[in-house]
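Please read the structure below before turning to the comments.
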Amino acid sequence: MKQFTSKELRNTWKDFYKERGHVDVGAVSLVSDGSTGVMFNVAGMQPLMPYLLGQKHPMGTRLCNVQGCVRTNDIDSVGDKSHVTFFEMMGSWSLGDYFKEDRCKWSYELLTEVFGFDRDHLAATVFEGDENAPRDEEGAQCRINSGFKPENIYYLPAEDNWWGLEYGPCGPDSEMFYIADVPDCGPDCGPGCSCGKYTELGNDVFMQYEKHKDGHLTPLAKKNVDTGWGLERNLAFLNGTKDVYKTDLFASVIAYIEKESSLKYDDDNDRTRSMRVLADHMRTSIMLIGDEARLTPSNGGAGYVLRRLIRRAVRHGRILGLTTDNLLEIAKIFIDEVYSDSYPNLVKNREFVLKELKKEIDRFTATLENGMKEFVKILDGVVAASGKSITGKDAFYLYDTFGFPLELTIEMASEKGLTVDEEGFGRAMDEQKQKARDNANFSLKSSSDDLAVFAELDDALVSEFTGYEKTEDTGKVIAIAALGLVDEADEGMTCTIVTDRTPFYATMGGQKGDFGIITTDTFEFEVSDTVKIDGGRVGHVGTVKSGSVKLNDTVTLKVDTNNRANTCMNHSATHLLQKALQVVLGDEVKQQGSYQDGERTRFDFSFSRAVTPEELAKVEDIVNEKIMENISVVTDVMSIEEAMKSGAMALFGEKYGDVVRVVKMGDFSKELCGGTHVSSTGDIHCFKIMSESGIAAGVRRIEGLTGNRVFDHYKKVEASLHEAAKILKASPADVVDRIEKLREEVKSLSSELESLKSKAAKDAMGDVTDKITEVNGVKFLPVKVSGVDMNGLRDLGDQLKGKIGDGVILLASDTDGKVNLVAMATDGAMGRGAHAGNLIKGIASLVGGGGGGRPNMAQAGGKNPAGIDEALKKAEEVLEGML
């Protein structure tokens with residue numbers, strides 16, 4: 001075998017296939033576009049699925065690349081010699097071009113001539129056949145023809161050697177293995193055996209059938225080949241090890257961890273496991289943050305997986321005695337040394353990666369220490385009660401209060417031989433998220449179930465959208481749905497009407513659908529929303545106001561032009577806003593979502609901090625400057641390849657067709673967009689930012705107004721100013737000065753009031769030094785007063801600490817039928833075990849309340865003044881239990 005560096009292996013793979021007519025298609029983002037239902041690209045072939053399923057690839061029929069992937073389903077296995085969460089797949093594909101003979105020949109050439117494996121040590125598996133498909137004799141013969149020994153060909157069942165989805169293209173696959181020079185473990189020893197004699201090197205998938213919905217198979221006219229080899233596994237094997245952490249991908253990081261921790265890799269199983277987890281999770285984290293998607297930690301979706309990886313890395317770093325600076329240094333080694341050539345985005349986004357990493361590490365470190373203390377308390381409680389599981393409520397408390405991912409709690413509990421009630425955690429999570437679940441579906445009140453009925457229609461029945469050119473058109477009714485497909489809709493009926501032509505824009509791409517009316521001479525239908533329906537159809541949702549309509553009727557469709565114009569203004573302003581944000585804040589700004597209707601625009605974007613008022617003012621000024629320039633808004637229709645080459649901005653994760661619309665506003669803005677827009681920026685009239693806020697970790701939101709909505713806003717502001725001036729008995733110009741004077745007066749009066757209240761509270765309390773008692777050698781002063789609020793009690797407590805010296809003070813006040821409690825403990829008392837927070841917890845229920853706090857000061861409220869005396873009496877018993 002020949003030895004390779006990781007860089008040499010990547011280049012060797014691509015050069016081998018380029019010499020055989022393949023095109024390097026490059027790698028795509030690690031974050032999936034959502035089309036396959038997973039958060040990350042988990043396999044090299046995943047981004048090519050549309051082309052493997054029949055779509056024409058713009059770069060040809062022979063393709064290759066090295067694709068980064070992220071897979072966390074077996075994250076708990078990370079820590080052994082082979083498992084990683086980020087890995088690279090070396091791939092090659094034939095899209096209806098060559099098939100088994102060439103594929104097997106090239107795989108054998110790669111194994112023997114390039115990698116230096118000898119024939120005697122190579123084996124391959126092929127599909128053994130079943131009731132659905134025949135034995136893959138062709139695949140076996142091609143392997144033999146290429147050079148594999150016949151006795152080293154193994155037939156395995158579909159679970160090992162068949163690839164396919166629920167229906168669609170499918171076929172047998174053939175895996176290649178290296179045979180080690182060790183005895184068989186038994187009579188059934190062969191590829192796939194866990195004894196370690198056979199090491200998988202790569203896999204060729206032959207897509208030669210189509211599986212139909214009834215389960216039967218038919219041959220494909222165009223057959224595809226998908227080849228995938230894992231880079232990390234092959235790199236390790238070619239360099240004489242099965243430990244991927246001993247390859248050049250990890251060696252410098254492991255060496256750094258050894259140096260800073262004063263520990264030796266492989267000396268101790270637990271510490272070695274922590275080294276591997278730390279190295280792997282830091283690598284995956286920097287890859288995700290530095291990816292073109294610039295993922296940031298959050299509490300949902302892919303961002304939550306990233307957060308979990310970073311926090312597991314922090315925990316294992318602490319086990320090894322490493323600091324935040326050490327973890328950031330590990331990130332720098334990966335960026336500057338290991339991947340600087342092969343992943344240029346990491347270098348480009350270096351400062352962003354380090355900033356986001358540090359922010360998340362600091363955020364977790366700040367809560368980890370307290371969280372660990374709480375975890376130990378919970379753990380001790382379970383053990384003391386002879387329990388075997390941490391409750392879901394406690395697990396959620398750790399998650400909600402200290403940011404502990406559920407998986408971290410499960411992992412730590414498992415180390416102590418306990419389980420976690422995951423279902424209980426889920427219930428607690430659901431309770432908290434109930435309100436958030438209904439957030440933000442801008443599409444309509446029609447559910448997917450309501451629209452599913454249209455799937456029964458003939459595929460030829462589609463809607464042609466004419467709304468780019470006009471707001472009124474005629475069309476023929478091709479479907480009506482009201483709790484199912486119907487032939488006619490009468491007055492008063494709520495339904496969805498589909499026509500063969502429509503000027504109504506359907507909700508998509510963030511733009512809200514049009515509303516308006518559909519009419520004939522004897523019929524009127526009020527459209528309250530417009531929705532996109534699968535199969536190229538547009539649904540007009542609304543109510544029949546008069547008359548009736550039947551299938552095949554010719555109708556007139558009229559969009560509400562005022563609402564459409566306002567929506568266009570808001571949509572075009574959003575394009576200007578995105579570019580202005582990038583000008584002011586930099587390339588970190590990437591669109592995360594948007595919404596436009598006739599009232600407002602809303603734009604969500606990636607940015608790691610709050611935007612300052614000064615920055616917002618600059619952004620708003622730039623947008624209004626571009627509006628004043630009255631730039632023509634031009635839409636060009638072109639192929640997706642042409643659009644991307646032209647520099648047009650695209651929304652990450654959005655699925656685009658082969659032909660797209662590119663909306664250009666001079667040299668300032670160019671975006672892929674299927675929405676409707678103004679003719680020139682001057683039509684927007686003006687733009688006003690109304691708010692800027694954070695909606696998730698690393699995601700900001702700006703809401704704004706355009707046109708008459710801005711004027712209406714300023715009219716309301718002006719009216720409020722005049723009303724305020726009237727109340728203050730000042731002119732509008734003098735309102736600020738008048739408020740400043742009133743604020744100074746209020747401040748002075750408040751100070752005077754606080755002094756009077758403090759004196760009154762002190763007078764009400766009287767001389768209480770005779771109430772001081774001793775509890776196990778610690779002075780304790782419980783005092784009951786009346787009519788003193790929480791601030792007053794804290795002031796009294798500070799005064800009494802000066803009188804009592806070392807000790808514990810407990811104050812209770814009955815105020816307007818409610819109870820205020822304050823407890824304080826001096827340093828000397830805390831040194832003896834006193835804890836103000838636990839004292840309050842121990843008595844608050846007696847006054848119908850709850851609370852707690854720090855060891856030196858705590859407070860609580862209650863609703864039962866009748867329980868004050870009992871609470872003060874109970875306090876001495878609680879304190880005694882601490883000392």
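Within each chain, counting starts at residue 1; across the structure tokens, chains are named A, B, ... in the order shown, with ligands numbered 1 upward in that order.
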| request: Could you find all residues in range 354-430 of chain A that DSSP calls helix (DSSP H, G or I) from the backbone, and write them as JSON, numbers by chain? | output: {"A": [354, 355, 356, 357, 358, 359, 360, 361, 362, 363, 364, 365, 366, 367, 368, 369, 370, 371, 372, 373, 374, 375, 376, 377, 378, 379, 380, 381, 382, 383, 384, 392, 393, 394, 395, 396, 397, 398, 399, 400, 401, 402, 406, 407, 408, 409, 410, 411, 412, 413, 414, 415, 422, 423, 424, 425, 426, 427, 428, 429, 430]}
| task | Mind listing the strand (DSSP E) residues of range 530-665 of chain A, per DSSP on the backbone, as a PyMOL selection string? | result | chain A and resi 530-533+537-546+548-550+554-559+591-596+601-606+633-639+659-665
Restricting it to N, CA and C atoms, dump the selection as a short mmCIF file (atom, residue, chain, number, x, y, z; two decimals), in the first residue's frame.
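Wrote part_7.cif, looks like this:
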```cif
data_model
loop_
_atom_site.label_atom_id
_atom_site.label_comp_id
_atom_site.auth_asym_id
_atom_site.auth_seq_id
_atom_site.Cartn_x
_atom_site.Cartn_y
_atom_site.Cartn_z
N THR A 530 -54.51 33.83 -1.73
CA THR A 530 -54.14 33.03 -2.89
C THR A 530 -53.01 32.10 -2.50
N VAL A 531 -53.16 30.81 -2.82
CA VAL A 531 -52.18 29.83 -2.37
C VAL A 531 -51.65 29.02 -3.54
N LYS A 532 -50.40 28.56 -3.38
CA LYS A 532 -49.78 27.70 -4.37
C LYS A 532 -50.18 26.26 -4.09
N ILE A 533 -50.59 25.53 -5.10
CA ILE A 533 -51.01 24.14 -4.96
C ILE A 533 -50.07 23.27 -5.78
N ARG A 537 -50.56 24.58 -9.82
CA ARG A 537 -51.88 25.21 -9.74
C ARG A 537 -51.90 26.34 -8.73
N VAL A 538 -52.81 27.28 -8.94
CA VAL A 538 -53.00 28.40 -8.02
C VAL A 538 -54.42 28.36 -7.49
N GLY A 539 -54.55 28.38 -6.16
CA GLY A 539 -55.86 28.33 -5.53
C GLY A 539 -56.29 29.69 -5.02
N HIS A 540 -57.50 30.11 -5.38
CA HIS A 540 -58.08 31.37 -4.89
C HIS A 540 -59.06 31.01 -3.77
N VAL A 541 -58.73 31.41 -2.57
CA VAL A 541 -59.53 31.03 -1.40
C VAL A 541 -60.43 32.19 -1.01
N GLY A 542 -61.70 31.91 -0.79
CA GLY A 542 -62.60 32.99 -0.40
C GLY A 542 -64.04 32.53 -0.28
N THR A 543 -64.96 33.49 -0.46
CA THR A 543 -66.38 33.24 -0.24
C THR A 543 -67.20 33.74 -1.42
N VAL A 544 -68.20 32.96 -1.82
CA VAL A 544 -69.13 33.39 -2.87
C VAL A 544 -70.06 34.44 -2.29
N LYS A 545 -69.99 35.67 -2.81
CA LYS A 545 -70.82 36.77 -2.28
C LYS A 545 -72.19 36.79 -2.93
N SER A 546 -72.27 36.37 -4.20
CA SER A 546 -73.57 36.32 -4.88
C SER A 546 -73.49 35.39 -6.07
N SER A 548 -73.62 31.96 -8.45
CA SER A 548 -72.96 30.67 -8.35
C SER A 548 -71.99 30.52 -9.52
N VAL A 549 -71.05 29.59 -9.36
CA VAL A 549 -70.06 29.33 -10.40
C VAL A 549 -69.92 27.83 -10.59
N LYS A 550 -69.71 27.41 -11.85
CA LYS A 550 -69.58 25.98 -12.16
C LYS A 550 -68.23 25.71 -12.83
N THR A 554 -66.22 30.62 -17.65
CA THR A 554 -65.20 31.63 -17.89
C THR A 554 -65.45 32.80 -16.94
N VAL A 555 -64.42 33.19 -16.22
CA VAL A 555 -64.57 34.22 -15.19
C VAL A 555 -63.54 35.32 -15.40
N THR A 556 -63.82 36.49 -14.80
CA THR A 556 -62.87 37.61 -14.79
C THR A 556 -62.22 37.69 -13.41
N LEU A 557 -60.91 37.74 -13.39
CA LEU A 557 -60.17 37.77 -12.13
C LEU A 557 -59.53 39.14 -11.96
N LYS A 558 -59.85 39.86 -10.87
CA LYS A 558 -59.35 41.21 -10.64
C LYS A 558 -58.61 41.27 -9.31
N VAL A 559 -57.32 41.55 -9.40
CA VAL A 559 -56.50 41.70 -8.20
C VAL A 559 -56.78 43.06 -7.57
N GLN A 591 -29.69 36.62 4.20
CA GLN A 591 -31.12 36.51 4.43
C GLN A 591 -31.48 35.17 5.07
N GLN A 592 -32.31 35.21 6.10
CA GLN A 592 -32.81 34.02 6.77
C GLN A 592 -34.31 33.84 6.58
N GLY A 593 -34.96 34.85 6.06
CA GLY A 593 -36.41 34.79 5.84
C GLY A 593 -36.94 36.20 5.63
N SER A 594 -38.15 36.29 5.08
CA SER A 594 -38.75 37.61 4.90
C SER A 594 -40.26 37.46 4.76
N TYR A 595 -40.96 38.58 4.90
CA TYR A 595 -42.42 38.58 4.74
C TYR A 595 -42.84 39.96 4.26
N GLN A 596 -43.62 40.00 3.18
CA GLN A 596 -44.15 41.28 2.70
C GLN A 596 -45.64 41.13 2.40
N THR A 601 -43.10 45.35 5.67
CA THR A 601 -42.11 44.35 5.28
C THR A 601 -41.37 43.90 6.53
N ARG A 602 -40.96 42.66 6.49
CA ARG A 602 -40.19 42.10 7.61
C ARG A 602 -39.03 41.31 7.02
N PHE A 603 -37.82 41.53 7.54
CA PHE A 603 -36.63 40.89 6.98
C PHE A 603 -35.80 40.29 8.10
N ASP A 604 -35.55 38.98 8.02
CA ASP A 604 -34.72 38.27 9.00
C ASP A 604 -33.36 38.00 8.38
N PHE A 605 -32.29 38.23 9.13
CA PHE A 605 -30.95 38.08 8.58
C PHE A 605 -29.97 37.62 9.65
N SER A 606 -28.90 36.96 9.19
CA SER A 606 -27.88 36.49 10.11
C SER A 606 -26.98 37.66 10.50
N VAL A 633 -36.23 49.18 -12.06
CA VAL A 633 -36.23 47.81 -11.57
C VAL A 633 -36.44 46.89 -12.76
N VAL A 634 -35.40 46.14 -13.10
CA VAL A 634 -35.42 45.32 -14.31
C VAL A 634 -35.41 43.85 -13.93
N THR A 635 -36.28 43.06 -14.55
CA THR A 635 -36.33 41.61 -14.30
C THR A 635 -35.90 40.87 -15.56
N ASP A 636 -34.87 40.03 -15.41
CA ASP A 636 -34.39 39.20 -16.53
C ASP A 636 -34.68 37.74 -16.21
N VAL A 637 -35.06 36.99 -17.22
CA VAL A 637 -35.30 35.55 -17.08
C VAL A 637 -34.11 34.81 -17.69
N MET A 638 -33.49 33.92 -16.90
CA MET A 638 -32.29 33.23 -17.39
C MET A 638 -32.14 31.89 -16.69
N SER A 639 -31.17 31.12 -17.11
CA SER A 639 -30.93 29.84 -16.45
C SER A 639 -30.32 30.08 -15.08
N VAL A 659 -34.88 27.55 -14.74
CA VAL A 659 -35.01 28.92 -15.24
C VAL A 659 -35.50 29.80 -14.09
N VAL A 660 -34.84 30.95 -13.89
CA VAL A 660 -35.17 31.81 -12.75
C VAL A 660 -35.34 33.25 -13.21
N ARG A 661 -35.94 34.05 -12.33
CA ARG A 661 -36.08 35.49 -12.57
C ARG A 661 -35.05 36.22 -11.70
N VAL A 662 -34.32 37.12 -12.31
CA VAL A 662 -33.32 37.91 -11.59
C VAL A 662 -33.78 39.36 -11.58
N VAL A 663 -34.02 39.90 -10.38
CA VAL A 663 -34.50 41.28 -10.22
C VAL A 663 -33.30 42.17 -9.92
N LYS A 664 -33.10 43.17 -10.80
CA LYS A 664 -31.92 44.04 -10.70
C LYS A 664 -32.35 45.48 -10.50
N MET A 665 -31.71 46.16 -9.55
CA MET A 665 -31.94 47.57 -9.29
C MET A 665 -30.62 48.30 -9.53
#
```
| message | Rounded to one decimal, what separation in Å do you get between CA of Ser146 in chain A and CA of Phe99 in chain A? | response |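 About the pair CA of Ser146 in chain A and CA of Phe99 in chain A: they are 13.3 Å apart.
The interatomic distance for the pair CA of Leu742 in chain A and CA of Lys726 in chain A works out to 14.8 Å.
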| request: Just the residues within 7 Å of range 8-20 of chain A, please, counting only C-alpha atoms, with nothing from its chain fewer than 2 positions along; format it as JSON, numbers by chain. | output: {"A": [4, 5, 6, 22, 23, 24, 64, 65, 66]}
Any chance you could export the current selection's C-alpha atoms as a CSV table (one decimal), in the first residue's frame?
```
chain,number,residue,atom,x,y,z
A,4,PHE,CA,-0.9,9.6,1.4
A,5,THR,CA,-1.5,12.8,3.2
A,6,SER,CA,-5.1,14.0,3.3
A,22,HIS,CA,-15.3,13.3,-15.2
A,23,VAL,CA,-16.0,16.9,-14.2
A,24,ASP,CA,-15.2,18.1,-10.6
A,64,CYS,CA,-16.8,13.6,-9.3
A,65,ASN,CA,-16.0,15.6,-6.1
A,66,VAL,CA,-15.0,15.4,-2.5
```
| request: Mind giving me the straight-line distance from CA of Glu880 in chain A to CA of Leu398 in chain A in Å, one decimal? | output: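 Interatomic distance, CA of Glu880 in chain A to CA of Leu398 in chain A: 29.4 Å.
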Within 12 Å of range 401-413 of chain A, which residues of range 49-167 of chain A show up? Give each one with its shortest atom-to-atom distance in Å (one decimal) and the two atoms involved, counting only C-alpha atoms, rows by chain then rising residue number, as a tab-separated table.
```
residue	atom	partner	partner_atom	distance
A:Thr72	CA	A:Glu407	CA	12.0
A:Asn73	CA	A:Glu407	CA	12.0
A:Ile75	CA	A:Glu407	CA	10.0
A:Asp76	CA	A:Glu411	CA	8.5
A:Ser77	CA	A:Glu411	CA	11.7
```
Write to file, as a tab-separated table (two decimals), in the first residue's frame, the residues of the selection just made, with all heavy atoms.
```
chain	number	residue	atom	x	y	z
A	72	THR	N	-24.86	13.04	12.82
A	72	THR	CA	-24.78	13.00	14.28
A	72	THR	C	-25.70	11.95	14.90
A	72	THR	O	-25.90	11.94	16.11
A	72	THR	CB	-25.14	14.38	14.87
A	72	THR	OG1	-26.47	14.74	14.46
A	72	THR	CG2	-24.17	15.45	14.42
A	73	ASN	N	-26.24	11.05	14.07
A	73	ASN	CA	-27.15	10.04	14.62
A	73	ASN	C	-26.43	9.07	15.55
A	73	ASN	O	-27.05	8.47	16.43
A	73	ASN	CB	-27.85	9.28	13.48
A	73	ASN	CG	-26.86	8.58	12.56
A	73	ASN	OD1	-25.82	9.13	12.24
A	73	ASN	ND2	-27.18	7.39	12.13
A	75	ILE	N	-23.72	10.00	17.48
A	75	ILE	CA	-22.80	10.89	18.20
A	75	ILE	C	-22.25	10.24	19.47
A	75	ILE	O	-21.12	10.50	19.87
A	75	ILE	CB	-23.51	12.23	18.53
A	75	ILE	CG1	-22.50	13.26	19.05
A	75	ILE	CG2	-24.64	12.04	19.52
A	75	ILE	CD1	-23.08	14.65	19.20
A	76	ASP	N	-23.05	9.36	20.09
A	76	ASP	CA	-22.58	8.71	21.31
A	76	ASP	C	-21.44	7.74	21.05
A	76	ASP	O	-20.73	7.34	21.98
A	76	ASP	CB	-23.74	7.98	22.00
A	76	ASP	CG	-24.79	8.94	22.53
A	76	ASP	OD1	-24.39	10.05	22.92
A	76	ASP	OD2	-25.98	8.59	22.54
A	77	SER	N	-21.26	7.34	19.80
A	77	SER	CA	-20.15	6.43	19.46
A	77	SER	C	-18.85	7.18	19.23
A	77	SER	O	-17.78	6.58	19.18
A	77	SER	CB	-20.50	5.62	18.20
A	77	SER	OG	-21.62	4.79	18.42
```
| said: Quick one: residues within 8 Å of Lys223 in chain A, only C-alpha atoms, excluding same-chain residues fewer than 6 positions away - as a ChimeraX atom specification? | reply: /A:95-97,99,206-209
Selection to disk with N, CA and C atoms, as a PDB file, in the first residue's frame:
```pdb
ATOM      1  N   LEU A  95     -24.252   9.439 -14.907  1.00  0.00           N
ATOM      2  CA  LEU A  95     -25.678   9.748 -15.069  1.00  0.00           C
ATOM      3  C   LEU A  95     -26.120   9.286 -16.463  1.00  0.00           C
ATOM      4  N   GLY A  96     -26.487   8.004 -16.546  1.00  0.00           N
ATOM      5  CA  GLY A  96     -26.904   7.456 -17.834  1.00  0.00           C
ATOM      6  C   GLY A  96     -25.753   7.286 -18.809  1.00  0.00           C
ATOM      7  N   ASP A  97     -24.530   7.239 -18.325  1.00  0.00           N
ATOM      8  CA  ASP A  97     -23.340   7.118 -19.175  1.00  0.00           C
ATOM      9  C   ASP A  97     -22.792   5.690 -19.067  1.00  0.00           C
ATOM     10  N   PHE A  99     -21.586   2.047 -17.252  1.00  0.00           N
ATOM     11  CA  PHE A  99     -22.270   1.247 -16.225  1.00  0.00           C
ATOM     12  C   PHE A  99     -21.280   0.274 -15.582  1.00  0.00           C
ATOM     13  N   PHE A 206     -25.409   0.518  -8.281  1.00  0.00           N
ATOM     14  CA  PHE A 206     -25.862   0.420  -9.666  1.00  0.00           C
ATOM     15  C   PHE A 206     -27.376   0.619  -9.730  1.00  0.00           C
ATOM     16  N   MET A 207     -27.806   1.806 -10.125  1.00  0.00           N
ATOM     17  CA  MET A 207     -29.235   2.116 -10.202  1.00  0.00           C
ATOM     18  C   MET A 207     -29.753   1.687 -11.573  1.00  0.00           C
ATOM     19  N   GLN A 208     -30.324   0.482 -11.609  1.00  0.00           N
ATOM     20  CA  GLN A 208     -30.741  -0.062 -12.898  1.00  0.00           C
ATOM     21  C   GLN A 208     -32.225  -0.379 -12.986  1.00  0.00           C
ATOM     22  N   TYR A 209     -32.956  -0.190 -11.880  1.00  0.00           N
ATOM     23  CA  TYR A 209     -34.396  -0.474 -11.869  1.00  0.00           C
ATOM     24  C   TYR A 209     -35.175   0.759 -11.406  1.00  0.00           C
TER      25      TYR A 209
END
```
| message | Set the distance at 12 Å and use only C-alpha atoms: which residues neighbour His57 in chain A once local chain neighbours fewer than 3 positions away are removed? I'd like the list as a list in words. | response |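 The contact residues come out as Val23, Val25, Pro47, Leu48, Met49, Pro50, Tyr51, Leu52, Leu53, Gly54, Gly60, Thr61, Arg62, Leu63, Trp93, Ser94, Leu95, Gly96, Ile640, Glu641 and Asp658 of chain A.
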Dump of C-alpha atoms for the selected residues, as an mmCIF file, in the first residue's frame:
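Saved as out-v8.cif:
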```cif
data_model
loop_
_atom_site.group_PDB
_atom_site.id
_atom_site.type_symbol
_atom_site.label_atom_id
_atom_site.label_comp_id
_atom_site.auth_asym_id
_atom_site.auth_seq_id
_atom_site.Cartn_x
_atom_site.Cartn_y
_atom_site.Cartn_z
ATOM 1 C CA VAL A 23 -15.950 16.941 -14.176
ATOM 2 C CA VAL A 25 -18.568 19.592 -9.543
ATOM 3 C CA PRO A 47 -26.819 16.930 -3.248
ATOM 4 C CA LEU A 48 -26.980 15.014 -6.555
ATOM 5 C CA MET A 49 -30.281 13.253 -5.842
ATOM 6 C CA PRO A 50 -32.312 15.322 -8.372
ATOM 7 C CA TYR A 51 -29.877 14.277 -11.123
ATOM 8 C CA LEU A 52 -29.759 10.632 -10.065
ATOM 9 C CA LEU A 53 -33.569 10.730 -10.221
ATOM 10 C CA GLY A 54 -33.606 11.981 -13.820
ATOM 11 C CA GLY A 60 -22.546 16.631 -17.942
ATOM 12 C CA THR A 61 -22.981 12.907 -17.276
ATOM 13 C CA ARG A 62 -19.620 12.055 -15.647
ATOM 14 C CA LEU A 63 -19.095 13.822 -12.323
ATOM 15 C CA TRP A 93 -21.115 9.396 -10.716
ATOM 16 C CA SER A 94 -22.341 8.216 -14.069
ATOM 17 C CA LEU A 95 -25.678 9.748 -15.069
ATOM 18 C CA GLY A 96 -26.904 7.456 -17.834
ATOM 19 C CA ILE A 640 -29.933 29.235 -12.829
ATOM 20 C CA GLU A 641 -26.297 28.809 -13.955
ATOM 21 C CA ASP A 658 -33.678 25.512 -14.131
#
```
| query | Which residues come within 6 Å of range 779-793 of chain A, counting only C-alpha atoms, excluding same-chain residues fewer than 6 positions away, as a ChimeraX atom specification? | reply | /A:765,772-773,807-815
Resulting file, chosen residues, C-alpha atoms, as a short mmCIF file (atom, residue, chain, number, x, y, z; two decimals), in the first residue's frame:
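What ended up in selection-v8.cif:
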```cif
data_model
loop_
_atom_site.label_atom_id
_atom_site.label_comp_id
_atom_site.auth_asym_id
_atom_site.auth_seq_id
_atom_site.Cartn_x
_atom_site.Cartn_y
_atom_site.Cartn_z
CA MET A 765 -39.97 48.45 63.87
CA ILE A 772 -31.93 38.65 68.90
CA THR A 773 -31.54 34.95 69.70
CA GLY A 807 -25.63 36.64 62.06
CA VAL A 808 -28.85 36.09 60.13
CA ILE A 809 -31.73 38.57 59.76
CA LEU A 810 -35.27 37.68 58.65
CA LEU A 811 -37.81 40.45 58.00
CA ALA A 812 -41.51 39.94 57.27
CA SER A 813 -44.02 42.65 56.34
CA ASP A 814 -47.79 42.66 55.80
CA THR A 815 -48.53 45.21 53.05
#
```
